[in-house]
>>> print(open('final22.tsv').read())   # TSV, C-alpha atoms
chain	number	residue	atom	x	y	z
A	234	MET	CA	96.08	92.45	63.32
A	235	GLU	CA	95.83	95.70	61.34
A	236	VAL	CA	94.90	93.78	58.21
A	237	ALA	CA	92.29	91.70	60.04
A	238	LEU	CA	90.79	94.84	61.58
A	239	SER	CA	90.71	96.75	58.30
A	240	HIS	CA	88.52	94.02	56.76
A	241	LYS	CA	85.86	94.88	59.33
A	242	LEU	CA	86.41	98.55	60.10
A	243	GLY	CA	87.85	100.05	56.92
A	244	PRO	CA	91.42	101.27	56.42
A	245	VAL	CA	93.43	101.19	59.69
A	246	ARG	CA	96.27	103.66	60.21
A	247	SER	CA	97.70	101.99	63.31
A	248	ALA	CA	96.81	99.52	66.06
A	249	TRP	CA	98.67	98.86	69.28
A	250	LEU	CA	98.07	96.71	72.35
A	251	LEU	CA	97.35	98.60	75.58
A	252	PRO	CA	98.76	97.49	78.97
A	253	GLY	CA	96.66	95.73	81.59
A	254	GLY	CA	93.58	93.61	81.10
A	255	ALA	CA	93.75	90.27	82.88
A	256	SER	CA	90.87	88.68	80.98
A	257	LYS	CA	90.60	90.69	77.74
A	258	GLU	CA	92.98	92.43	75.37
A	259	ALA	CA	92.47	96.11	74.63
A	260	TRP	CA	93.76	97.48	71.34
A	261	ALA	CA	93.95	101.16	70.51
A	262	VAL	CA	93.02	101.45	66.84
A	263	ASP	CA	93.28	104.59	64.73
A	264	LEU	CA	91.36	104.49	61.46
A	265	ALA	CA	92.62	106.26	58.36
A	266	ASP	CA	89.74	108.77	58.64
A	267	GLY	CA	90.98	109.82	62.10
A	268	THR	CA	88.44	107.88	64.17
A	269	GLU	CA	89.98	106.64	67.45
A	270	LEU	CA	88.66	103.27	68.56
A	271	LEU	CA	89.27	100.76	71.29
A	272	VAL	CA	88.94	97.12	70.30
A	273	ARG	CA	88.20	94.68	73.09
A	274	ARG	CA	89.26	91.15	72.21
A	275	ALA	CA	89.14	87.81	74.04
A	276	LEU	CA	92.48	86.71	75.48
A	277	THR	CA	91.93	83.07	74.56
A	278	GLY	CA	89.46	81.11	72.49
A	279	VAL	CA	87.97	79.68	75.68
A	280	ILE	CA	84.60	80.95	76.89
A	281	HIS	CA	84.44	81.11	80.67
A	282	ARG	CA	81.54	80.20	82.85
A	283	ASP	CA	79.71	83.15	84.40
A	284	THR	CA	81.06	85.81	82.11
A	285	LEU	CA	79.34	87.07	79.01
A	286	THR	CA	80.68	86.43	75.53
A	287	LEU	CA	82.04	89.50	73.80
A	288	GLU	CA	78.96	89.53	71.56
A	289	GLN	CA	76.71	89.61	74.63
A	290	GLU	CA	78.93	92.22	76.26
A	291	PHE	CA	78.58	94.35	73.14
A	292	ARG	CA	74.79	94.09	73.37
A	293	VAL	CA	74.95	95.09	77.04
A	294	LEU	CA	77.08	98.09	76.11
A	295	GLU	CA	74.52	99.08	73.47
A	296	ALA	CA	71.70	98.79	76.02
A	297	ALA	CA	73.64	100.90	78.53
A	298	TYR	CA	74.46	103.51	75.88
A	299	GLU	CA	70.83	103.71	74.79
A	300	GLY	CA	69.80	103.94	78.45
A	301	GLY	CA	71.91	107.07	78.89
A	302	VAL	CA	74.64	105.48	81.00
A	303	ARG	CA	78.08	107.07	80.56
A	304	VAL	CA	79.81	104.41	78.47
A	305	PRO	CA	82.03	104.49	75.39
A	306	ARG	CA	79.84	104.58	72.27
A	307	PRO	CA	79.59	101.02	70.92
A	308	VAL	CA	80.75	100.92	67.28
A	309	ALA	CA	80.56	97.33	65.99
A	310	TYR	CA	80.67	93.72	67.00
A	311	LEU	CA	83.54	92.37	64.89
A	312	GLY	CA	83.16	88.62	65.31
A	313	ASP	CA	86.31	86.60	64.80
A	314	ILE	CA	89.57	88.59	64.63
A	315	GLU	CA	92.42	86.15	64.07
A	316	GLY	CA	90.81	83.35	66.04
A	317	ARG	CA	89.26	85.35	68.89
A	318	GLU	CA	86.08	87.37	69.11
A	319	ALA	CA	86.21	91.15	69.45
A	320	PHE	CA	84.16	94.34	69.38
A	321	ALA	CA	84.97	97.98	68.73
A	322	MET	CA	83.93	101.00	70.76
A	323	GLU	CA	84.83	104.65	70.95
A	324	ARG	CA	88.13	105.35	72.74
A	325	VAL	CA	87.57	107.66	75.70
A	326	GLU	CA	90.20	109.84	77.33
A	327	GLY	CA	90.88	109.57	81.04
A	328	GLU	CA	92.49	107.53	83.77
A	329	THR	CA	91.55	104.00	84.80
A	330	ILE	CA	94.53	103.02	86.98
A	331	GLY	CA	93.33	102.86	90.59
A	332	ARG	CA	96.56	103.96	92.23
A	333	ARG	CA	96.66	107.14	90.14
A	334	ILE	CA	92.97	107.94	90.56
A	335	VAL	CA	92.97	107.78	94.35
A	336	ARG	CA	95.85	110.29	94.55
A	337	ASP	CA	93.60	113.17	93.55
A	338	PRO	CA	89.94	112.16	93.16
A	339	PRO	CA	87.73	114.76	91.44
A	340	SER	CA	85.10	116.45	93.60
A	341	GLY	CA	81.53	115.24	93.25
A	342	ILE	CA	82.62	111.80	92.08
A	343	GLU	CA	80.56	110.10	94.82
A	344	GLN	CA	77.27	111.51	93.47
A	345	GLN	CA	78.30	110.86	89.86
A	346	LEU	CA	78.85	107.18	90.64
A	347	ALA	CA	75.41	106.99	92.25
A	348	ASP	CA	73.86	108.68	89.19
A	349	GLU	CA	75.31	106.08	86.83
A	350	LEU	CA	74.46	103.15	89.07
A	351	ALA	CA	70.83	104.31	89.36
A	352	LYS	CA	70.61	104.44	85.54
A	353	ILE	CA	72.19	100.98	85.22
A	354	HIS	CA	69.72	99.49	87.68
A	355	ALA	CA	66.84	100.95	85.69
A	356	LEU	CA	67.87	99.31	82.38
A	357	ALA	CA	65.50	96.73	80.91
A	358	PRO	CA	66.76	93.16	81.48
A	359	LEU	CA	68.24	91.33	78.48
A	360	ASP	CA	67.20	87.73	77.92
A	361	PHE	CA	70.71	86.26	78.07
A	362	LEU	CA	71.78	87.82	81.38
A	363	PRO	CA	72.56	85.23	84.07
A	364	SER	CA	70.29	85.41	87.09
A	365	GLY	CA	71.17	82.56	89.45
A	366	ASP	CA	71.34	82.69	93.23
A	367	VAL	CA	74.70	84.19	94.22
A	368	ILE	CA	75.24	82.13	97.36
A	369	GLU	CA	74.63	78.87	95.51
A	370	ARG	CA	76.98	79.96	92.77
A	371	PHE	CA	79.72	80.86	95.27
A	372	TYR	CA	79.43	77.45	96.96
A	373	ALA	CA	79.68	75.73	93.58
A	374	GLU	CA	82.73	77.78	92.61
A	375	LEU	CA	84.41	77.26	95.97
A	376	ASP	CA	83.85	73.50	95.69
A	377	SER	CA	85.29	73.52	92.17
A	378	VAL	CA	88.51	74.94	93.62
A	379	GLY	CA	88.78	71.97	95.97
A	380	GLU	CA	90.91	73.70	98.62
A	381	PRO	CA	89.67	74.22	102.20
A	382	HIS	CA	88.93	77.87	103.08
A	383	PRO	CA	87.34	78.13	106.54
A	384	ALA	CA	87.25	81.96	106.43
A	385	ILE	CA	85.26	81.97	103.17
A	386	GLU	CA	82.97	79.25	104.54
A	387	TYR	CA	82.26	81.40	107.59
A	388	GLY	CA	81.66	84.47	105.43
A	389	LEU	CA	79.10	82.54	103.37
A	390	VAL	CA	77.23	81.20	106.42
A	391	TRP	CA	77.29	84.61	108.12
A	392	VAL	CA	75.94	86.36	105.02
A	393	ARG	CA	73.30	83.71	104.28
A	394	GLU	CA	71.81	84.18	107.75
A	395	ARG	CA	71.57	87.93	107.28
A	396	LEU	CA	70.80	88.55	103.64
A	397	PRO	CA	67.33	90.00	103.03
A	398	HIS	CA	65.19	87.69	100.90
A	399	ASP	CA	62.57	90.05	99.54
A	400	ARG	CA	64.61	92.39	97.34
A	401	GLU	CA	63.80	92.94	93.71
A	402	ARG	CA	66.16	91.89	90.94
A	403	THR	CA	67.50	94.43	88.48
A	404	PHE	CA	70.04	94.82	85.73
A	405	CYS	CA	73.43	94.80	87.50
A	406	HIS	CA	76.84	95.82	86.19
A	407	GLY	CA	78.59	93.11	88.21
A	408	ASP	CA	81.99	94.80	88.55
A	409	PHE	CA	81.19	98.43	89.39
A	410	ARG	CA	84.40	99.69	91.04
A	411	VAL	CA	87.53	101.79	90.64
A	412	GLY	CA	89.58	100.17	87.90
A	413	ASN	CA	86.51	99.95	85.66
A	414	PHE	CA	85.81	103.70	85.71
A	415	VAL	CA	87.35	106.20	83.32
A	416	ILE	CA	87.95	109.32	85.39
A	417	SER	CA	89.19	112.74	84.30
A	418	GLU	CA	89.56	116.03	86.18
A	419	HIS	CA	85.87	116.63	85.36
A	420	GLY	CA	84.85	113.44	87.10
A	421	LEU	CA	83.40	110.17	85.88
A	422	GLU	CA	83.66	109.87	82.09
A	423	SER	CA	82.76	106.23	81.47
A	424	VAL	CA	81.85	102.94	83.07
A	425	LEU	CA	83.77	100.04	81.47
A	426	ASP	CA	83.97	96.23	81.60
A	427	TRP	CA	80.44	94.91	81.33
A	428	GLU	CA	81.37	91.24	81.09
A	429	PHE	CA	79.89	90.41	84.50
A	430	ALA	CA	76.51	92.06	83.82
A	431	HIS	CA	73.67	89.98	85.27
A	432	LEU	CA	70.27	90.18	86.90
A	433	GLY	CA	70.65	90.44	90.64
A	434	ASP	CA	70.15	92.41	93.80
A	435	PRO	CA	71.07	96.03	93.07
A	436	ILE	CA	72.59	96.42	96.54
A	437	GLU	CA	75.29	93.90	95.57
A	438	ASP	CA	76.43	96.42	92.92
A	439	LEU	CA	76.01	99.34	95.35
A	440	ALA	CA	78.29	97.79	98.00
A	441	TRP	CA	80.94	96.40	95.60
A	442	PRO	CA	82.97	99.63	95.10
A	443	LEU	CA	83.29	99.98	98.90
A	444	LEU	CA	85.51	96.91	99.21
A	445	ARG	CA	88.95	97.54	100.68
A	446	ALA	CA	90.41	95.71	97.66
A	447	TRP	CA	89.20	98.59	95.44
A	448	ARG	CA	90.52	101.44	97.62
A	449	PHE	CA	94.02	101.09	96.20
A	450	GLY	CA	95.72	101.95	99.48
A	451	ALA	CA	93.53	104.97	100.32
A	452	ASP	CA	91.76	102.93	103.01
A	453	ASP	CA	90.23	105.83	104.94
A	454	ARG	CA	88.14	106.84	101.90
A	455	ARG	CA	85.82	103.86	101.98
A	456	LEU	CA	84.22	104.49	98.60
A	457	GLY	CA	86.93	103.16	96.31
A	458	GLY	CA	89.64	105.39	97.78
A	459	LEU	CA	87.67	108.32	96.30
A	460	GLY	CA	85.52	109.59	99.14
A	461	ASP	CA	82.99	108.80	101.85
A	462	PRO	CA	80.16	106.38	101.17
A	463	GLU	CA	77.46	108.68	102.63
A	464	PRO	CA	77.01	111.14	99.72
A	465	TYR	CA	77.04	108.18	97.33
A	466	LEU	CA	74.45	106.21	99.29
A	467	GLU	CA	72.26	109.27	99.86
A	468	ARG	CA	72.18	110.18	96.17
A	469	TYR	CA	71.46	106.57	95.21
A	470	ALA	CA	68.58	106.44	97.73
A	471	GLU	CA	67.23	109.77	96.41
A	472	LEU	CA	67.20	108.47	92.84
A	473	THR	CA	65.98	104.93	93.42
A	474	GLY	CA	64.17	104.94	96.75
A	475	ARG	CA	66.45	102.15	97.93
A	476	GLU	CA	67.61	102.94	101.44
A	477	VAL	CA	70.32	100.69	102.81
A	478	SER	CA	71.19	100.60	106.48
A	479	ALA	CA	74.81	100.49	107.62
A	480	GLU	CA	74.17	96.98	109.00
A	481	GLU	CA	72.87	95.69	105.70
A	482	LEU	CA	75.72	97.29	103.81
A	483	VAL	CA	78.28	95.39	105.91
A	484	VAL	CA	76.54	92.14	104.97
A	485	TRP	CA	76.95	92.97	101.27
A	486	GLU	CA	80.53	94.06	101.85
A	487	VAL	CA	81.31	90.70	103.45
A	488	LEU	CA	79.63	88.99	100.49
A	489	GLY	CA	81.70	91.12	98.12
A	490	ASN	CA	84.88	89.96	99.84
A	491	VAL	CA	83.69	86.35	99.59
A	492	LYS	CA	83.04	86.91	95.87
A	493	TRP	CA	86.45	88.42	95.14
A	494	ALA	CA	88.28	85.84	97.29
A	495	ILE	CA	86.60	83.04	95.32
A	496	GLY	CA	87.26	84.95	92.09
A	497	CYS	CA	90.98	84.98	92.90
A	498	LEU	CA	90.97	81.26	93.67
A	499	THR	CA	89.12	80.29	90.48
A	500	GLN	CA	91.30	82.51	88.31
A	501	SER	CA	94.47	81.00	89.76
A	502	ARG	CA	93.05	77.57	88.82
A	503	ARG	CA	92.99	78.68	85.18
A	504	HIS	CA	96.78	78.72	85.48
A	505	LEU	CA	97.05	75.60	87.62
A	506	ASN	CA	94.81	73.45	85.42
A	507	GLY	CA	96.60	74.57	82.27
A	508	GLN	CA	93.69	76.47	80.73
A	509	ASP	CA	95.51	79.84	80.68
A	510	ARG	CA	99.09	79.56	81.90
A	511	SER	CA	100.07	82.99	83.27
A	512	VAL	CA	102.03	84.27	86.25
A	513	GLU	CA	99.32	86.94	86.74
A	514	TYR	CA	96.63	84.30	87.23
A	515	ALA	CA	98.97	82.17	89.34
A	516	VAL	CA	99.64	84.78	92.04
A	517	LEU	CA	95.92	85.53	92.43
A	518	GLY	CA	95.66	82.29	94.41
A	519	ARG	CA	97.73	83.97	97.11
A	520	LEU	CA	95.74	87.21	96.98
A	521	ALA	CA	92.56	85.56	98.29
A	522	ALA	CA	93.89	85.65	101.88
A	523	GLU	CA	93.58	89.46	101.84
A	524	MET	CA	89.83	89.26	101.28
A	525	GLU	CA	89.57	86.46	103.86
A	526	TYR	CA	91.20	88.70	106.46
A	527	GLU	CA	89.01	91.66	105.52
A	528	LEU	CA	85.77	89.71	105.73
A	529	LEU	CA	86.70	88.33	109.14
A	530	ASP	CA	87.58	91.84	110.29
A	531	LEU	CA	84.24	93.17	109.02
A	532	ILE	CA	82.36	90.39	110.83
A	533	GLU	CA	84.34	91.01	114.01
A	534	HIS	CA	83.37	94.69	114.03
A	535	ALA	CA	79.77	94.22	112.84
B	120	MET	CA	120.61	68.22	102.28
B	121	PRO	CA	121.35	69.96	98.95
B	122	ASP	CA	124.43	72.07	98.32
B	123	ARG	CA	124.06	75.82	98.56
B	124	PRO	CA	122.51	77.95	97.27
B	125	ASN	CA	119.40	76.42	98.82
B	126	ALA	CA	115.93	76.86	97.31
B	127	ALA	CA	115.28	80.20	99.02
B	128	GLU	CA	118.67	81.54	97.99
B	129	LEU	CA	118.11	80.47	94.36
B	130	VAL	CA	114.76	82.19	94.32
B	131	GLU	CA	116.38	85.30	95.78
B	132	ALA	CA	119.06	85.22	93.06
B	133	VAL	CA	116.41	85.13	90.30
B	134	TRP	CA	114.46	87.91	92.04
B	135	GLU	CA	117.59	90.10	92.06
B	136	PHE	CA	118.31	89.29	88.42
B	137	LEU	CA	114.79	90.34	87.38
B	138	GLY	CA	114.93	93.52	89.44
B	139	GLN	CA	118.44	94.63	88.50
B	140	GLU	CA	118.89	93.42	84.93
B	141	VAL	CA	115.50	92.72	83.37
B	142	LEU	CA	113.15	95.34	84.82
B	143	PRO	CA	115.29	98.42	83.99
B	144	ASN	CA	115.47	97.32	80.34
B	145	VAL	CA	111.81	96.49	79.79
B	146	GLN	CA	110.15	99.20	77.70
B	147	ASP	CA	106.69	97.74	77.17
B	148	HIS	CA	104.24	98.61	80.00
B	149	ARG	CA	102.60	95.22	79.93
B	150	GLN	CA	105.93	93.41	80.10
B	151	LYS	CA	107.02	95.68	82.94
B	152	PHE	CA	103.86	94.92	84.87
B	153	ARG	CA	104.26	91.18	84.31
B	154	THR	CA	107.88	91.34	85.43
B	155	LEU	CA	106.78	92.99	88.67
B	156	VAL	CA	104.11	90.32	89.13
B	157	ALA	CA	106.76	87.63	88.57
B	158	MET	CA	109.04	89.26	91.16
B	159	ASN	CA	106.15	89.34	93.61
B	160	ALA	CA	105.58	85.62	93.00
B	161	LEU	CA	109.24	84.93	93.75
B	162	ALA	CA	109.12	87.02	96.93
B	163	ILE	CA	106.15	84.94	98.13
B	164	ALA	CA	108.00	81.73	97.32
B	165	ARG	CA	111.08	82.92	99.19
B	166	ARG	CA	109.12	83.82	102.34
B	167	GLU	CA	107.39	80.45	102.19
B	168	LEU	CA	110.73	78.62	101.86
B	169	GLU	CA	112.29	80.58	104.70
B	170	GLY	CA	109.28	80.46	107.03
B	171	ASP	CA	108.49	77.73	109.48
B	172	GLU	CA	105.01	78.63	110.67
B	173	GLY	CA	103.37	75.44	111.78
B	174	GLY	CA	99.73	76.12	110.99
B	175	PRO	CA	96.93	73.57	110.70
B	176	ASP	CA	97.47	70.90	108.04
B	177	GLU	CA	95.12	70.36	105.10
B	178	ASP	CA	93.05	67.68	106.83
B	179	GLU	CA	92.46	69.93	109.83
B	180	LEU	CA	91.47	72.81	107.55
B	181	ARG	CA	89.11	70.54	105.59
B	182	ASP	CA	87.49	69.39	108.78
B	183	LEU	CA	87.09	72.94	110.06
B	184	ALA	CA	85.68	74.13	106.70
B	185	ARG	CA	83.12	71.29	106.72
B	186	ARG	CA	82.03	72.00	110.30
B	187	ILE	CA	81.57	75.70	109.56
B	188	ARG	CA	79.46	74.90	106.50
B	189	GLU	CA	77.31	72.66	108.69
B	190	GLY	CA	76.65	75.56	111.02
B	191	GLU	CA	79.33	75.44	113.68
B	192	VAL	CA	80.37	78.96	114.71
B	193	PRO	CA	84.16	79.15	114.63
B	194	GLU	CA	86.33	81.06	117.03
B	195	LEU	CA	86.86	84.28	115.09
B	196	ALA	CA	90.24	85.19	116.61
B	197	ALA	CA	91.69	81.77	115.78
B	198	LEU	CA	90.40	81.99	112.20
B	199	LYS	CA	91.91	85.45	111.83
B	200	ASN	CA	95.26	84.19	113.12
B	201	GLN	CA	95.24	81.41	110.53
B	202	VAL	CA	94.66	83.90	107.74
B	203	ALA	CA	97.24	86.32	109.18
B	204	ALA	CA	99.82	83.51	109.02
B	205	LYS	CA	99.07	83.09	105.29
B	206	LEU	CA	99.39	86.86	104.79
B	207	ARG	CA	102.78	86.98	106.49
B	208	ILE	CA	103.93	84.88	103.53
B	209	SER	CA	101.83	86.27	100.69
B	210	ASN	CA	101.82	89.99	101.60
B	211	PRO	CA	103.20	91.02	105.04
B	212	GLN	CA	102.54	94.72	104.36
B	213	TYR	CA	98.83	94.05	104.02
B	214	LEU	CA	98.44	93.47	107.74
B	215	GLU	CA	99.79	96.98	108.44
B	216	ARG	CA	96.56	98.34	106.94
B	217	TYR	CA	94.75	97.10	110.05
B	218	GLU	CA	97.05	98.66	112.63
>>> encode(input="final22.tsv", output="structure tokens")
Amino acid sequence: MEVALSHKLGPVRSAWLLPGGASKEAWAVDLADGTELLVRRALTGVIHRDTLTLEQEFRVLEAAYEGGVRVPRPVAYLGDIEGREAFAMERVEGETIGRRIVRDPPSGIEQQLADELAKIHALAPLDFLPSGDVIERFYAELDSVGEPHPAIEYGLVWVRERLPHDRERTFCHGDFRVGNFVISEHGLESVLDWEFAHLGDPIEDLAWPLLRAWRFGADDRRLGGLGDPEPYLERYAELTGREVSAEELVVWEVLGNVKWAIGCLTQSRRHLNGQDRSVEYAVLGRLAAEMEYELLDLIEHA
Amino acid sequence: MPDRPNAAELVEAVWEFLGQEVLPNVQDHRQKFRTLVAMNALAIARRELEGDEGGPDEDELRDLARRIREGEVPELAALKNQVAAKLRISNPQYLERYE
């Protein structure tokens, strides 16, 4: 790995694999000149439907960086590194592990998240970003799983009847939530993991970090276990003019739970159909029930 | 009827082996995480093997799913109970978050 990297980046002092990362590898790479990089590399040679290639993700990262979004500085798209594509970016210091972050969230984080999201939603669209109808896509993915899920079916019908139809489409991050934020004692340092970037309804992004699944046990702080949603929503409305009622937000929260439930089911199929055998993917099939319960609970109280 | 240990007891034995002998000796963070995930998978399997919750069968679920997609409004409490039964196997602690 060090040899392969040094062909593209110059002399490498050391490279080691970082923990975590269900869909991509992350390598910490120190160059001989002292530069500290993070290399993001595909976990398999397979390119998955509905996620960007690493080359596209690198271009998204460049666009975000140029648009003033807090992201690690993109360094280079590396192409093939020992059979899998990869890119290099600056290595940023801070915490990404949800359980640790929610123990002592920095003050002002709610507004900082809104600031970044407003900048993301103002980025110019890139030609390769997917832009299909989310509900149609979720039905197609659910059908590809081939297992009956009445709770998800109800969530989809309930959302479809309530979703506003006249919203604009913007650049969306697609996975804006705790776990993909680098956070230090100063607050939000970086927004990571741009592989789900797409063109879509900005409110989908806005509601996504509110999901119970991303509160890491700190359930009473509805914004990602970090704080209350109100300061976050108010700042976002101030910056973008997009006001979202509590009723509409619940609809997007239900949709978010549908999305993550289906995401768990499809990822577990990567194990079951032999594409990527892994115990981590396997157990995700049993995680979906948590989002099913949450979406039914949200509907019950709506 | 197989000899003992039965399936649930075998799964429990492997779970104990991972927790007592493998986990304490794993240095690598990623390996440690994956060992914990594997233990969680075994705990789910054990609860499933020991449980005897008679929920709806696959045909009934398929029929219900189809009717909901076609517009039938399901009874929410019954749907929630079905999901709660799955959670009692996959993650019983999760339900405590709603108490």
>>> interface_residues(input="final22.tsv", of="chain A", to="chain B", cutoff="8 Å", atoms="all atoms listed in the file", output="list in words")
Leu251, Pro252, Gly253, Glu380, Pro381, His382, Pro383, Ala384, Glu386, Tyr387, Val390, Asp452, Val512, Glu513, Val516, Arg519, Leu520, Ala522, Glu523, Glu525, Tyr526, Leu529, Asp530 and Glu533 of chain A
>>> residues_around(input="final22.tsv", residues="segment 311-316 of chain A", least_positions_apart="4", cutoff="7 Å", atoms="all atoms listed in the file", output="count of residues only")
5
>>> atom_distance(input="final22.tsv", atom1="atom CA of Phe449 of chain A", atom2="atom CA of Arg332 of chain A")
5.5 Å
>>> atom_distance(input="final22.tsv", atom1="atom CA of Glu323 of chain A", atom2="atom CA of Leu356 of chain A")
21.1 Å
>>> residues_around(input="final22.tsv", residues="Leu129 of chain B", least_positions_apart="4", cutoff="12 Å", atoms="all atoms listed in the file", output="count of residues only")
15
>>> residues_around(input="final22.tsv", residues="Val487 of chain A", least_positions_apart="2", cutoff="7 Å", atoms="all atoms listed in the file", output="PyMOL selection string")
chain A and resi 388+483-485+489-491+528+531
>>> atom_distance(input="final22.tsv", atom1="atom CA of Glu374 of chain A", atom2="atom CA of Thr284 of chain A")
13.3 Å
>>> residues_around(input="final22.tsv", residues="Ser511 of chain A", least_positions_apart="4", cutoff="10 Å", atoms="only C-alpha atoms", output="MDAnalysis selection string")
(chainID A and resid 255 501 503:505 507 515:516) or (chainID B and resid 153 157)
>>> residues_around(input="final22.tsv", residues="Arg274 of chain A", least_positions_apart="3", cutoff="9 Å", atoms="only C-alpha atoms", output="PyMOL selection string")
chain A and resi 257-260+277+287+314+317-321
>>> closest_residue(input="final22.tsv", among="A:Val335, A:Leu517, A:Leu250, A:Ala446", to="Arg502 of chain A", atoms="only C-alpha atoms")
A:Leu517
>>> decode(input="final22.tsv", residues="segment 335-378 of chain A", atoms="C-alpha atoms", output="PDB file, in the first residue's frame")
ATOM      1  CA  VAL A 335     -23.063  13.337  22.320  1.00  0.00           C
ATOM      2  CA  ARG A 336     -21.422  13.079  25.766  1.00  0.00           C
ATOM      3  CA  ASP A 337     -20.298  16.698  25.667  1.00  0.00           C
ATOM      4  CA  PRO A 338     -21.509  18.568  22.574  1.00  0.00           C
ATOM      5  CA  PRO A 339     -19.835  21.954  21.976  1.00  0.00           C
ATOM      6  CA  SER A 340     -22.023  25.032  22.411  1.00  0.00           C
ATOM      7  CA  GLY A 341     -23.313  26.694  19.264  1.00  0.00           C
ATOM      8  CA  ILE A 342     -23.098  23.482  17.260  1.00  0.00           C
ATOM      9  CA  GLU A 343     -26.775  23.771  16.226  1.00  0.00           C
ATOM     10  CA  GLN A 344     -26.187  27.075  14.402  1.00  0.00           C
ATOM     11  CA  GLN A 345     -22.900  25.854  12.926  1.00  0.00           C
ATOM     12  CA  LEU A 346     -24.663  22.873  11.365  1.00  0.00           C
ATOM     13  CA  ALA A 347     -27.285  25.185   9.861  1.00  0.00           C
ATOM     14  CA  ASP A 348     -24.525  27.451   8.479  1.00  0.00           C
ATOM     15  CA  GLU A 349     -22.862  24.566   6.651  1.00  0.00           C
ATOM     16  CA  LEU A 350     -26.112  23.123   5.375  1.00  0.00           C
ATOM     17  CA  ALA A 351     -27.166  26.508   3.967  1.00  0.00           C
ATOM     18  CA  LYS A 352     -23.835  26.713   2.087  1.00  0.00           C
ATOM     19  CA  ILE A 353     -24.223  23.150   0.779  1.00  0.00           C
ATOM     20  CA  HIS A 354     -27.710  23.867  -0.513  1.00  0.00           C
ATOM     21  CA  ALA A 355     -26.408  26.928  -2.358  1.00  0.00           C
ATOM     22  CA  LEU A 356     -23.724  25.003  -4.298  1.00  0.00           C
ATOM     23  CA  ALA A 357     -24.100  24.840  -8.075  1.00  0.00           C
ATOM     24  CA  PRO A 358     -25.412  21.437  -9.233  1.00  0.00           C
ATOM     25  CA  LEU A 359     -22.903  19.065 -10.867  1.00  0.00           C
ATOM     26  CA  ASP A 360     -23.990  17.252 -14.014  1.00  0.00           C
ATOM     27  CA  PHE A 361     -23.474  13.726 -12.658  1.00  0.00           C
ATOM     28  CA  LEU A 362     -25.491  14.110  -9.446  1.00  0.00           C
ATOM     29  CA  PRO A 363     -28.490  11.753  -9.286  1.00  0.00           C
ATOM     30  CA  SER A 364     -31.834  13.517  -9.150  1.00  0.00           C
ATOM     31  CA  GLY A 365     -34.591  10.900  -9.247  1.00  0.00           C
ATOM     32  CA  ASP A 366     -37.822  10.914  -7.257  1.00  0.00           C
ATOM     33  CA  VAL A 367     -37.066   9.607  -3.763  1.00  0.00           C
ATOM     34  CA  ILE A 368     -40.357   7.798  -3.205  1.00  0.00           C
ATOM     35  CA  GLU A 369     -40.050   5.906  -6.486  1.00  0.00           C
ATOM     36  CA  ARG A 370     -36.494   4.985  -5.648  1.00  0.00           C
ATOM     37  CA  PHE A 371     -37.472   3.709  -2.183  1.00  0.00           C
ATOM     38  CA  TYR A 372     -40.231   1.520  -3.680  1.00  0.00           C
ATOM     39  CA  ALA A 373     -37.762   0.092  -6.194  1.00  0.00           C
ATOM     40  CA  GLU A 374     -35.199  -0.625  -3.484  1.00  0.00           C
ATOM     41  CA  LEU A 375     -37.780  -2.150  -1.154  1.00  0.00           C
ATOM     42  CA  ASP A 376     -39.002  -4.410  -3.964  1.00  0.00           C
ATOM     43  CA  SER A 377     -35.428  -5.448  -4.735  1.00  0.00           C
ATOM     44  CA  VAL A 378     -35.150  -6.711  -1.146  1.00  0.00           C
TER      45      VAL A 378
END
